[in-house]
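Listing of structure-v9.pdb; format and content: PDB, C-alpha atoms.
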```
ATOM      1  CA  MET A 139     -19.298   4.127  21.885
ATOM      2  CA  ILE A 140     -21.110   2.711  18.834
ATOM      3  CA  ASN A 141     -20.142   3.514  15.251
ATOM      4  CA  VAL A 142     -21.522   2.166  11.982
ATOM      5  CA  TYR A 143     -19.503   1.496   8.845
ATOM      6  CA  PHE A 144     -20.857   0.936   5.328
ATOM      7  CA  ASP A 145     -18.562  -0.628   2.736
ATOM      8  CA  SER A 146     -20.437   0.063  -0.485
ATOM      9  CA  GLY A 147     -19.173  -1.433  -3.718
ATOM     10  CA  THR A 148     -20.262  -1.745  -7.322
ATOM     11  CA  THR A 149     -22.684  -4.637  -6.772
ATOM     12  CA  ASN A 150     -22.973  -5.152  -2.999
ATOM     13  CA  SER A 151     -23.091  -3.145   0.219
ATOM     14  CA  ARG A 152     -22.103  -4.305   3.702
ATOM     15  CA  ILE A 153     -22.828  -2.846   7.115
ATOM     16  CA  PHE A 154     -20.772  -3.286  10.285
ATOM     17  CA  VAL A 155     -21.839  -2.044  13.710
ATOM     18  CA  LEU A 156     -18.738  -1.409  15.811
ATOM     19  CA  GLU A 157     -18.095  -0.881  19.487
ATOM     20  CA  GLY A 158     -14.492  -0.451  20.531
ATOM     21  CA  GLY A 159     -12.575  -3.261  18.862
ATOM     22  CA  ARG A 160     -15.620  -5.490  18.386
ATOM     23  CA  ILE A 161     -18.088  -6.076  15.581
ATOM     24  CA  LEU A 162     -21.526  -6.236  17.161
ATOM     25  CA  TYR A 163     -23.385  -6.925  13.932
ATOM     26  CA  HIS A 164     -22.799  -7.245  10.203
ATOM     27  CA  ASP A 165     -25.019  -7.827   7.190
ATOM     28  CA  LYS A 166     -24.952  -7.566   3.409
ATOM     29  CA  ALA A 167     -27.309  -6.411   0.651
ATOM     30  CA  GLY A 168     -27.080  -7.153  -3.051
ATOM     31  CA  THR A 169     -27.358  -3.483  -3.982
ATOM     32  CA  GLY A 170     -24.468  -1.313  -5.077
ATOM     33  CA  CYS A 171     -23.775   1.854  -7.000
ATOM     34  CA  ARG A 172     -24.202   0.020 -10.316
ATOM     35  CA  ASP A 173     -27.899  -0.419  -9.566
ATOM     36  CA  ALA A 174     -28.264   3.304  -8.926
ATOM     37  CA  ALA A 175     -26.257   4.184 -12.047
ATOM     38  CA  LEU A 176     -28.250   1.882 -14.357
ATOM     39  CA  ALA A 177     -31.555   3.209 -13.016
ATOM     40  CA  GLY A 178     -30.377   6.819 -12.985
ATOM     41  CA  ASP A 179     -31.670   7.026  -9.419
ATOM     42  CA  PRO A 180     -29.127   7.477  -6.573
ATOM     43  CA  SER A 181     -31.878   6.948  -4.015
ATOM     44  CA  ILE A 182     -31.867   3.209  -4.806
ATOM     45  CA  LEU A 183     -28.535   2.856  -3.026
ATOM     46  CA  THR A 184     -29.428   5.224  -0.189
ATOM     47  CA  ARG A 185     -32.696   3.385   0.452
ATOM     48  CA  ALA A 186     -30.869   0.010   0.563
ATOM     49  CA  LEU A 187     -28.311   1.353   3.038
ATOM     50  CA  ARG A 188     -31.071   2.741   5.235
ATOM     51  CA  ARG A 189     -32.770  -0.689   5.283
ATOM     52  CA  LEU A 190     -29.517  -2.304   6.374
ATOM     53  CA  TYR A 191     -29.145   0.343   9.067
ATOM     54  CA  GLN A 192     -32.680  -0.046  10.379
ATOM     55  CA  ASN A 193     -32.351  -3.832  10.492
ATOM     56  CA  ALA A 194     -29.162  -3.409  12.524
ATOM     57  CA  LEU A 195     -30.835  -1.037  14.983
ATOM     58  CA  ASP A 196     -33.806  -3.365  15.380
ATOM     59  CA  THR A 197     -31.659  -6.472  15.835
ATOM     60  CA  LEU A 198     -29.408  -4.846  18.441
ATOM     61  CA  HIS A 199     -32.287  -2.996  20.151
ATOM     62  CA  ILE A 200     -30.498   0.349  19.916
ATOM     63  CA  LYS A 201     -31.649   3.767  18.751
ATOM     64  CA  ASP A 202     -30.235   6.044  16.096
ATOM     65  CA  GLU A 203     -29.236   8.517  18.840
ATOM     66  CA  GLN A 204     -26.881   5.925  20.327
ATOM     67  CA  VAL A 205     -24.805   5.769  17.131
ATOM     68  CA  ARG A 206     -21.977   8.284  17.296
ATOM     69  CA  GLY A 207     -20.922   8.192  13.651
ATOM     70  CA  ILE A 208     -21.929   6.546  10.377
ATOM     71  CA  TYR A 209     -18.918   6.110   8.095
ATOM     72  CA  LEU A 210     -18.994   5.206   4.413
ATOM     73  CA  SER A 211     -16.207   4.345   1.991
ATOM     74  CA  GLY A 212     -15.927   2.881  -1.470
ATOM     75  CA  MET A 213     -18.330   3.558  -4.300
ATOM     76  CA  ALA A 214     -20.767   5.389  -1.997
ATOM     77  CA  THR A 215     -18.464   8.386  -2.540
ATOM     78  CA  SER A 216     -18.449   8.044  -6.344
ATOM     79  CA  PRO A 217     -20.638   9.977  -8.814
ATOM     80  CA  SER A 218     -23.083   7.035  -8.741
ATOM     81  CA  GLY A 219     -23.106   6.866  -4.949
ATOM     82  CA  LEU A 220     -24.697   8.929  -2.199
ATOM     83  CA  GLN A 221     -22.493  11.962  -2.675
ATOM     84  CA  GLU A 222     -19.420  12.388  -4.833
ATOM     85  CA  VAL A 223     -16.247  13.097  -2.879
ATOM     86  CA  GLU A 224     -13.078  14.049  -4.713
ATOM     87  CA  HIS A 225     -10.156  11.699  -4.225
ATOM     88  CA  LEU A 226      -7.447  12.810  -1.812
ATOM     89  CA  SER A 227      -4.027  13.332  -3.377
ATOM     90  CA  LEU A 228      -1.005  11.327  -2.280
ATOM     91  CA  PRO A 229       0.939  11.036  -0.089
ATOM     92  CA  ALA A 230      -1.669  10.216   2.536
ATOM     93  CA  GLY A 231      -1.959   8.234   5.734
ATOM     94  CA  LEU A 232      -4.200   7.943   8.744
ATOM     95  CA  ARG A 233      -3.924  11.637   9.635
ATOM     96  CA  GLU A 234      -4.717  12.905   6.127
ATOM     97  CA  LEU A 235      -7.714  10.598   5.771
ATOM     98  CA  ARG A 236      -9.049  11.660   9.163
ATOM     99  CA  GLU A 237      -8.669  15.351   8.340
ATOM    100  CA  ASN A 238     -10.401  15.015   4.962
ATOM    101  CA  ILE A 239     -13.506  13.064   5.954
ATOM    102  CA  VAL A 240     -16.519  14.815   4.410
ATOM    103  CA  SER A 241     -19.623  15.375   6.535
ATOM    104  CA  TYR A 242     -22.739  15.012   4.356
ATOM    105  CA  ARG A 243     -26.232  15.749   5.597
ATOM    106  CA  GLU A 244     -28.619  13.139   4.151
ATOM    107  CA  ASN A 245     -32.188  14.338   4.643
ATOM    108  CA  SER A 246     -34.252  11.832   2.653
ATOM    109  CA  PHE A 247     -33.614   8.552   4.489
ATOM    110  CA  PHE A 248     -31.091   8.919   7.324
ATOM    111  CA  HIS A 249     -31.930  12.476   8.406
ATOM    112  CA  ARG A 250     -28.478  12.915   9.906
ATOM    113  CA  GLU A 251     -24.827  13.562   9.084
ATOM    114  CA  LEU A 252     -22.981  10.808   7.242
ATOM    115  CA  LEU A 253     -19.173  10.693   7.243
ATOM    116  CA  LEU A 254     -17.702   9.987   3.798
ATOM    117  CA  ILE A 255     -14.118   8.762   3.515
ATOM    118  CA  PRO A 256     -12.395   9.932   0.321
ATOM    119  CA  GLY A 257     -10.537   7.663  -2.041
ATOM    120  CA  LEU A 258      -6.967   8.352  -3.122
ATOM    121  CA  LYS A 259      -5.355   9.438  -6.390
ATOM    122  CA  THR A 260      -1.901  10.159  -7.746
ATOM    123  CA  CYS A 261      -2.678  13.555  -9.294
ATOM    124  CA  ALA A 262      -3.441  16.938  -7.766
ATOM    125  CA  ARG A 263      -6.897  17.762  -6.437
ATOM    126  CA  GLY A 264      -9.185  20.161  -8.234
ATOM    127  CA  VAL A 265      -7.595  19.777 -11.664
ATOM    128  CA  THR A 266      -8.392  18.012 -14.930
ATOM    129  CA  VAL A 267      -5.309  16.484 -16.518
ATOM    130  CA  SER A 268      -4.506  16.092 -20.203
ATOM    131  CA  PRO A 269      -5.119  12.717 -21.890
ATOM    132  CA  GLU A 270      -1.376  12.070 -21.869
ATOM    133  CA  GLU A 271      -1.162  12.806 -18.150
ATOM    134  CA  ALA A 272      -4.203  10.589 -17.516
ATOM    135  CA  PHE A 273      -2.115   7.629 -18.682
ATOM    136  CA  LEU A 274      -0.163   7.983 -15.425
ATOM    137  CA  VAL A 275      -3.049   8.597 -12.997
ATOM    138  CA  ASN A 276      -4.007   5.810 -10.591
ATOM    139  CA  ASN A 277      -6.749   5.847  -7.973
ATOM    140  CA  VAL A 278      -8.646   3.780  -5.395
ATOM    141  CA  ARG A 279     -12.019   4.062  -3.648
ATOM    142  CA  GLY A 280     -12.517   1.889  -0.578
ATOM    143  CA  GLU A 281      -9.127   0.193  -0.687
ATOM    144  CA  GLU A 282      -7.636   3.030   1.380
ATOM    145  CA  THR A 283      -9.456   1.698   4.465
ATOM    146  CA  GLU A 284      -8.267  -1.846   3.701
ATOM    147  CA  ILE A 285      -4.692  -0.624   3.475
ATOM    148  CA  LEU A 286      -4.977   1.154   6.820
ATOM    149  CA  GLY A 287      -6.244  -2.056   8.388
ATOM    150  CA  ILE A 288      -3.471  -4.134   6.836
ATOM    151  CA  LEU A 289      -0.827  -1.758   8.182
ATOM    152  CA  CYS A 290      -2.385  -2.033  11.655
ATOM    153  CA  GLU A 291      -2.491  -5.830  11.344
ATOM    154  CA  THR A 292       1.106  -6.309  10.176
ATOM    155  CA  GLY A 293       2.866  -3.391  11.845
ATOM    156  CA  LEU A 294       4.841  -2.749   8.638
ATOM    157  CA  THR A 295       5.525   0.873   7.743
ATOM    158  CA  ASP A 296       7.535   0.336   4.528
ATOM    159  CA  CYS A 297       5.853  -2.141   2.207
ATOM    160  CA  ALA A 298       3.752  -2.658  -0.891
ATOM    161  CA  VAL A 299       0.182  -3.917  -0.598
ATOM    162  CA  LEU A 300      -1.396  -5.897  -3.439
ATOM    163  CA  LEU A 301      -5.191  -6.122  -3.406
ATOM    164  CA  PRO A 302      -6.441  -8.648  -5.981
ATOM    165  CA  GLY A 303     -10.088  -8.587  -6.968
ATOM    166  CA  THR A 304     -12.332  -7.074  -9.617
ATOM    167  CA  HIS A 305      -9.535  -4.563 -10.046
ATOM    168  CA  THR A 306      -6.108  -5.427  -8.713
ATOM    169  CA  GLN A 307      -4.675  -2.442  -6.882
ATOM    170  CA  ALA A 308      -1.138  -1.947  -5.633
ATOM    171  CA  ALA A 309      -0.191   0.610  -2.997
ATOM    172  CA  MET A 310       3.297   1.712  -2.052
ATOM    173  CA  VAL A 311       3.624   2.554   1.653
ATOM    174  CA  GLU A 312       6.633   4.443   2.990
ATOM    175  CA  ASN A 313       6.997   5.547   6.580
ATOM    176  CA  GLY A 314       3.381   4.551   7.209
ATOM    177  CA  ARG A 315       1.921   6.720   4.423
ATOM    178  CA  ILE A 316       0.653   5.701   0.990
ATOM    179  CA  THR A 317       2.964   7.328  -1.545
ATOM    180  CA  ASP A 318       2.053   5.685  -4.857
ATOM    181  CA  LEU A 319      -0.671   3.552  -6.461
ATOM    182  CA  LEU A 320      -1.171   1.265  -9.436
ATOM    183  CA  SER A 321      -4.650   0.355 -10.717
ATOM    184  CA  THR A 322      -5.300  -2.577 -13.089
ATOM    185  CA  VAL A 323      -8.264  -4.644 -14.311
ATOM    186  CA  THR A 324      -7.982  -8.375 -13.574
ATOM    187  CA  GLY A 325     -10.925 -10.143 -11.911
ATOM    188  CA  GLU A 326     -13.501  -8.254 -13.970
ATOM    189  CA  LEU A 327     -11.598  -9.074 -17.155
ATOM    190  CA  TYR A 328     -11.257 -12.738 -16.161
ATOM    191  CA  GLY A 329     -15.012 -12.948 -15.527
ATOM    192  CA  ALA A 330     -15.832 -11.336 -18.875
ATOM    193  CA  ILE A 331     -13.581 -13.814 -20.685
ATOM    194  CA  LEU A 332     -15.282 -16.767 -19.012
ATOM    195  CA  GLN A 333     -18.789 -15.479 -19.625
ATOM    196  CA  ASP A 334     -18.621 -13.806 -23.022
ATOM    197  CA  THR A 335     -15.905 -15.557 -25.083
ATOM    198  CA  ILE A 336     -15.354 -19.044 -26.443
ATOM    199  CA  ILE A 337     -12.280 -19.265 -24.196
ATOM    200  CA  GLY A 338     -14.658 -19.807 -21.281
ATOM    201  CA  SER A 339     -15.709 -23.185 -22.689
ATOM    202  CA  SER A 340     -12.126 -24.416 -22.255
ATOM    203  CA  ILE A 341     -12.105 -23.707 -18.514
ATOM    204  CA  GLU A 342     -13.158 -25.979 -15.656
ATOM    205  CA  GLU A 343     -13.174 -25.170 -11.963
ATOM    206  CA  GLY A 344     -10.746 -27.161  -9.850
ATOM    207  CA  PRO A 345      -7.519 -27.029  -7.845
ATOM    208  CA  LEU A 346      -5.042 -24.368  -8.891
ATOM    209  CA  SER A 347      -1.794 -25.436 -10.542
ATOM    210  CA  THR A 348       0.936 -22.882  -9.901
ATOM    211  CA  GLU A 349       3.019 -24.587 -12.604
ATOM    212  CA  TRP A 350       0.343 -23.711 -15.166
ATOM    213  CA  VAL A 351      -0.038 -20.192 -13.788
ATOM    214  CA  LYS A 352       3.661 -19.726 -14.527
ATOM    215  CA  LYS A 353       3.209 -21.138 -18.050
ATOM    216  CA  GLY A 354       0.467 -18.581 -18.616
ATOM    217  CA  VAL A 355       2.736 -15.731 -17.485
ATOM    218  CA  GLN A 356       5.554 -16.994 -19.712
ATOM    219  CA  ALA A 357       3.213 -17.219 -22.729
ATOM    220  CA  LEU A 358       2.018 -13.674 -22.018
ATOM    221  CA  ARG A 359       5.609 -12.393 -21.990
ATOM    222  CA  ARG A 360       6.528 -14.229 -25.169
ATOM    223  CA  PHE A 361       3.442 -13.750 -27.336
ATOM    224  CA  GLY A 362       1.528 -10.793 -25.863
ATOM    225  CA  PHE A 363      -1.947 -10.789 -24.357
ATOM    226  CA  ASN A 364      -4.114 -11.503 -27.397
ATOM    227  CA  ARG A 365      -2.157 -14.526 -28.619
ATOM    228  CA  ALA A 366      -1.575 -15.884 -25.095
ATOM    229  CA  LEU A 367      -5.307 -15.690 -24.462
ATOM    230  CA  TYR A 368      -6.047 -17.784 -27.537
ATOM    231  CA  ILE A 369      -3.441 -20.361 -26.528
ATOM    232  CA  THR A 370      -5.876 -21.304 -23.750
ATOM    233  CA  ARG A 371      -8.199 -22.551 -26.494
ATOM    234  CA  SER A 372      -5.363 -24.272 -28.378
ATOM    235  CA  LEU A 373      -4.423 -26.205 -25.254
ATOM    236  CA  GLU A 374      -7.891 -27.777 -25.247
ATOM    237  CA  LEU A 375      -8.065 -28.487 -28.974
ATOM    238  CA  PHE A 376      -4.590 -29.815 -29.604
ATOM    239  CA  SER A 377      -3.024 -31.059 -26.373
ATOM    240  CA  HIS A 378      -3.726 -33.320 -23.431
ATOM    241  CA  THR A 379      -4.504 -30.761 -20.753
ATOM    242  CA  THR A 380      -7.237 -30.605 -18.153
ATOM    243  CA  GLY A 381      -9.777 -27.837 -17.721
ATOM    244  CA  GLU A 382      -8.202 -27.046 -14.343
ATOM    245  CA  GLU A 383      -4.765 -26.644 -15.949
ATOM    246  CA  ARG A 384      -6.204 -24.342 -18.593
ATOM    247  CA  LYS A 385      -7.939 -22.325 -15.872
ATOM    248  CA  SER A 386      -4.597 -21.870 -14.111
ATOM    249  CA  PHE A 387      -2.953 -20.939 -17.425
ATOM    250  CA  LEU A 388      -5.618 -18.283 -18.010
ATOM    251  CA  GLU A 389      -5.052 -16.911 -14.486
ATOM    252  CA  GLY A 390      -1.410 -16.406 -15.433
ATOM    253  CA  VAL A 391      -2.303 -14.692 -18.709
ATOM    254  CA  VAL A 392      -4.791 -12.308 -17.077
ATOM    255  CA  ASN A 393      -2.744 -11.497 -13.960
ATOM    256  CA  GLY A 394       0.802 -11.630 -15.342
ATOM    257  CA  SER A 395       1.046  -8.103 -16.709
ATOM    258  CA  ALA A 396      -0.627  -6.624 -13.608
ATOM    259  CA  VAL A 397       1.933  -8.328 -11.350
ATOM    260  CA  ALA A 398       4.818  -7.343 -13.635
ATOM    261  CA  GLU A 399       3.793  -3.687 -13.656
ATOM    262  CA  ALA A 400       3.265  -3.719  -9.891
ATOM    263  CA  LEU A 401       6.746  -5.146  -9.322
ATOM    264  CA  SER A 402       8.184  -2.549 -11.680
ATOM    265  CA  VAL A 403       6.548   0.295  -9.744
ATOM    266  CA  ILE A 404       7.598  -1.195  -6.400
ATOM    267  CA  GLY A 405      11.161  -1.389  -7.697
ATOM    268  CA  ARG A 406      11.177   2.404  -8.038
ATOM    269  CA  HIS A 407      10.725   2.690  -4.251
ATOM    270  CA  PRO A 408      14.036   1.416  -2.805
ATOM    271  CA  ARG A 409      12.761   1.491   0.800
ATOM    272  CA  ILE A 410      10.275  -1.270   0.003
ATOM    273  CA  ARG A 411      11.307  -4.927   0.259
ATOM    274  CA  ASP A 412       8.135  -6.453   1.712
ATOM    275  CA  ILE A 413       5.040  -7.154  -0.386
ATOM    276  CA  ILE A 414       1.732  -7.986   1.303
ATOM    277  CA  ILE A 415      -0.927  -9.787  -0.715
ATOM    278  CA  TYR A 416      -4.394  -9.370   0.799
ATOM    279  CA  GLY A 417      -6.654 -12.060  -0.608
ATOM    280  CA  ASN A 418      -7.799 -15.643  -0.318
ATOM    281  CA  GLN A 419      -5.419 -18.583  -0.665
ATOM    282  CA  GLU A 420      -5.915 -18.949  -4.420
ATOM    283  CA  GLN A 421      -5.441 -15.232  -5.109
ATOM    284  CA  TYR A 422      -2.233 -15.280  -3.099
ATOM    285  CA  ALA A 423      -0.983 -18.388  -4.916
ATOM    286  CA  VAL A 424      -1.701 -16.883  -8.363
ATOM    287  CA  LEU A 425       0.073 -13.587  -7.691
ATOM    288  CA  ARG A 426       2.989 -15.254  -5.901
ATOM    289  CA  ALA A 427       3.473 -17.800  -8.712
ATOM    290  CA  ALA A 428       3.375 -15.027 -11.322
ATOM    291  CA  ALA A 429       5.988 -13.036  -9.408
ATOM    292  CA  GLU A 430       8.328 -16.022  -9.211
ATOM    293  CA  VAL A 431       8.891 -16.129 -13.000
ATOM    294  CA  LEU A 432       9.045 -12.392 -13.648
ATOM    295  CA  PRO A 433      12.378 -10.579 -14.055
ATOM    296  CA  GLU A 434      10.860  -7.541 -12.289
ATOM    297  CA  ASN A 435      10.940  -9.532  -9.031
ATOM    298  CA  LYS A 436      14.087  -8.250  -7.329
ATOM    299  CA  GLY A 437      14.092 -10.584  -4.346
ATOM    300  CA  PHE A 438      11.027  -9.107  -2.643
ATOM    301  CA  ILE A 439       9.702 -10.753   0.511
ATOM    302  CA  PHE A 440       6.065 -11.844   0.190
ATOM    303  CA  HIS A 441       3.516 -11.971   3.007
ATOM    304  CA  HIS A 442      -0.076 -13.185   2.963
ATOM    305  CA  VAL A 443      -2.919 -11.547   4.862
ATOM    306  CA  GLU A 444      -5.964 -13.805   4.551
ATOM    307  CA  VAL A 445      -9.371 -12.294   3.832
ATOM    308  CA  ASN A 446     -11.829 -12.827   6.682
ATOM    309  CA  PRO A 447     -15.349 -11.830   5.507
ATOM    310  CA  GLY A 448     -16.498 -11.583   9.111
ATOM    311  CA  PHE A 449     -13.733  -9.135  10.019
ATOM    312  CA  PRO A 450     -12.306  -7.543   6.853
ATOM    313  CA  MET A 451      -9.283  -5.275   6.940
ATOM    314  CA  SER A 452     -11.475  -2.338   5.892
ATOM    315  CA  VAL A 453     -13.210  -2.627   9.274
ATOM    316  CA  ARG A 454      -9.836  -2.726  11.013
ATOM    317  CA  GLY A 455      -8.956   0.477   9.169
ATOM    318  CA  ILE A 456     -12.216   2.176  10.151
ATOM    319  CA  MET A 457     -11.615   1.215  13.776
ATOM    320  CA  ALA A 458      -8.228   2.920  13.572
ATOM    321  CA  LEU A 459      -9.863   6.041  12.127
ATOM    322  CA  CYS A 460     -12.555   6.072  14.833
ATOM    323  CA  LYS A 461      -9.902   5.694  17.524
ATOM    324  CA  GLU A 462      -7.912   8.552  16.007
ATOM    325  CA  ILE A 463     -10.990  10.794  15.857
ATOM    326  CA  SER A 464     -12.109  10.058  19.432
ATOM    327  CA  GLY A 465      -8.559  10.332  20.784
ATOM    328  CA  THR A 466      -8.892   7.092  22.702
TER     329      THR A 466
END
```
Represent the structure of the file as structure tokens.
Amino acid sequence: MINVYFDSGTTNSRIFVLEGGRILYHDKAGTGCRDAALAGDPSILTRALRRLYQNALDTLHIKDEQVRGIYLSGMATSPSGLQEVEHLSLPAGLRELRENIVSYRENSFFHRELLLIPGLKTCARGVTVSPEEAFLVNNVRGEETEILGILCETGLTDCAVLLPGTHTQAAMVENGRITDLLSTVTGELYGAILQDTIIGSSIEEGPLSTEWVKKGVQALRRFGFNRALYITRSLELFSHTTGEERKSFLEGVVNGSAVAEALSVIGRHPRIRDIIIYGNQEQYAVLRAAAEVLPENKGFIFHHVEVNPGFPMSVRGIMALCKEISGT
């Protein structure tokens, strides 16, 4: 039984051709929903996905009729994607996601049904909240499949999952279902600082120093974000520090409040003691170092699930969904 999964993000889209528990083929295109949004033309994304799909069929020498289902998650379900799908309200797990997959007939390029997996949110469906209530709303698109895969990989049913990246997301999982979320901006903010501010000139790539990550978190707590950010520049102008140390300091400044808030939210869920960080080695080291100097850390147990681009946890989650749907 062959299924296809598209993980479509803001700037890139990936395709995985699946059979049972195996990945038969995977590829990537540098087209995401941002391209469609900037051009005001959703077909840009759909056309790119169709090219990926056709290349997969040609490479594997299979026909469209042999593909049982084509699943999509992430920004493909956003207003700038193929078809907007409203987020599913929490709590939600494998069963709720399976039952709320949206079948969308795409007649311009695929000429078949596409299966859209909804994101998740912490407010009710079908309502618009007040600005004050919006302060408390958190949501994810695409990370829900990663979380499913991580739960399958670790076997944990009560845990928190931290997903560092462009946006760092935190999910609270209780009894195997996602019960709460926290959404923050980290990687995108870090990139903007490097590219568009003078602070970027003080940074050099190199080995991470967890000691300097902790100094960045401590400066953030003492002086606030704006002042702590400028201290990165002061360290270059007035002290003997390396560009790598200043990079690590900046990582602490940018990620410290996100980790602190995540730990605070996790602390409101007494069943949760285990925290899983899904990222590369440096992302894990940054978040773990930040947690070690924060008073919100109440003796949580940290685990690392390494990112494998060839077999991401989102694919593991899709495989679980496909197995649930087929009943095998």
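When the PyMOL selection byres ((chain A and resi 220) around 9) is run on the displayed coordinates, the residues it returns are Cys171, Pro180, Ser181, Leu183, Thr184, Met213, Ala214, Thr215, Ser216, Pro217, Ser218, Gly219, Gln221, Glu222 and Glu244 of chain A.
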From the list A:Leu332, A:Ala272, A:Ile153, A:Leu432, which residue is nearest Val355 (chain A) when using all atoms listed in the file?
A:Leu432
On this structure, which residues satisfy the PyMOL selection byres ((chain A and resi 395) around 10), written as a ChimeraX atom specification?
/A:322,324,355,358-359,362-363,390-394,396-401,428,432
Taking the file as shown, find all residues satisfying the PyMOL selection byres ((chain A and resi 301) around 12) and write them as number ranges by chain.
A: 278, 280-285, 288, 298-300, 302-310, 319-325, 396-397, 400, 413-418, 421-422, 425, 442-445, 451-452
Between A:Leu198, A:Leu232, A:Ile404, A:Ile239, which residue has the minimum interatomic distance to Asp296 (chain A), considering only C-alpha atoms?
A:Ile404
Nearest candidate to His199 (chain A) (options A:Phe387, A:Trp350, A:Phe273, A:Tyr163; using all atoms listed in the file)
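Of all the options, A:Tyr163 lies closest to His199 (chain A).
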For CA of Arg315 (chain A) and CA of Gly231 (chain A), quote the distance in Å rounded to one decimal.
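Rounded to one decimal, the two atoms are 4.4 Å apart.
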Counting only C-alpha atoms, the option among A:Ile456, A:Val431, A:Val403, A:Leu252 closest to Arg188 (chain A):
A:Leu252
Distance query region 156-162 of chain A at most 6 Å, all atoms listed in the file, self and fewer than 3 positions along chain excluded, as an MDAnalysis selection string
chainID A and resid 139:142
Polymer residues at most 9 Å from Glu383 (chain A), all atoms listed in the file, same-chain spacing of 6 or more positions, as number ranges by chain
A: 341-342, 344-347, 349-351
Would you work out the distance separating CA of Gly455 (chain A) from CA of Gly437 (chain A), expressed in Å to one decimal?
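Between these atoms lies a distance of 28.9 Å.
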Would you compute the distance between CA of Pro433 (chain A) and CA of His407 (chain A)? Give it in Å to one decimal.
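If I compute the distance from CA of Pro433 (chain A) to CA of His407 (chain A), I get 16.6 Å.
Among A:Ile200, A:Leu228, A:Leu210, A:Val424, the residue with the shortest atom-to-atom distance to Leu388 (chain A), counting only C-alpha atoms, is A:Val424.
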Pick from A:Pro256, A:Gly287, A:Gly293, A:Pro447: nearest to Ser241 (chain A), with all atoms listed in the file counted?
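Selected residue with least distance to Ser241 (chain A): A:Pro256.
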Need to verify the contact set: Arg409 (chain A), 10 Å, all atoms listed in the file, exclusion of same-chain residues closer than 3 positions in sequence. Can you return it as JSON, numbers by chain?
{"A": [296, 297, 310, 311, 312, 313, 404, 405, 406, 412]}
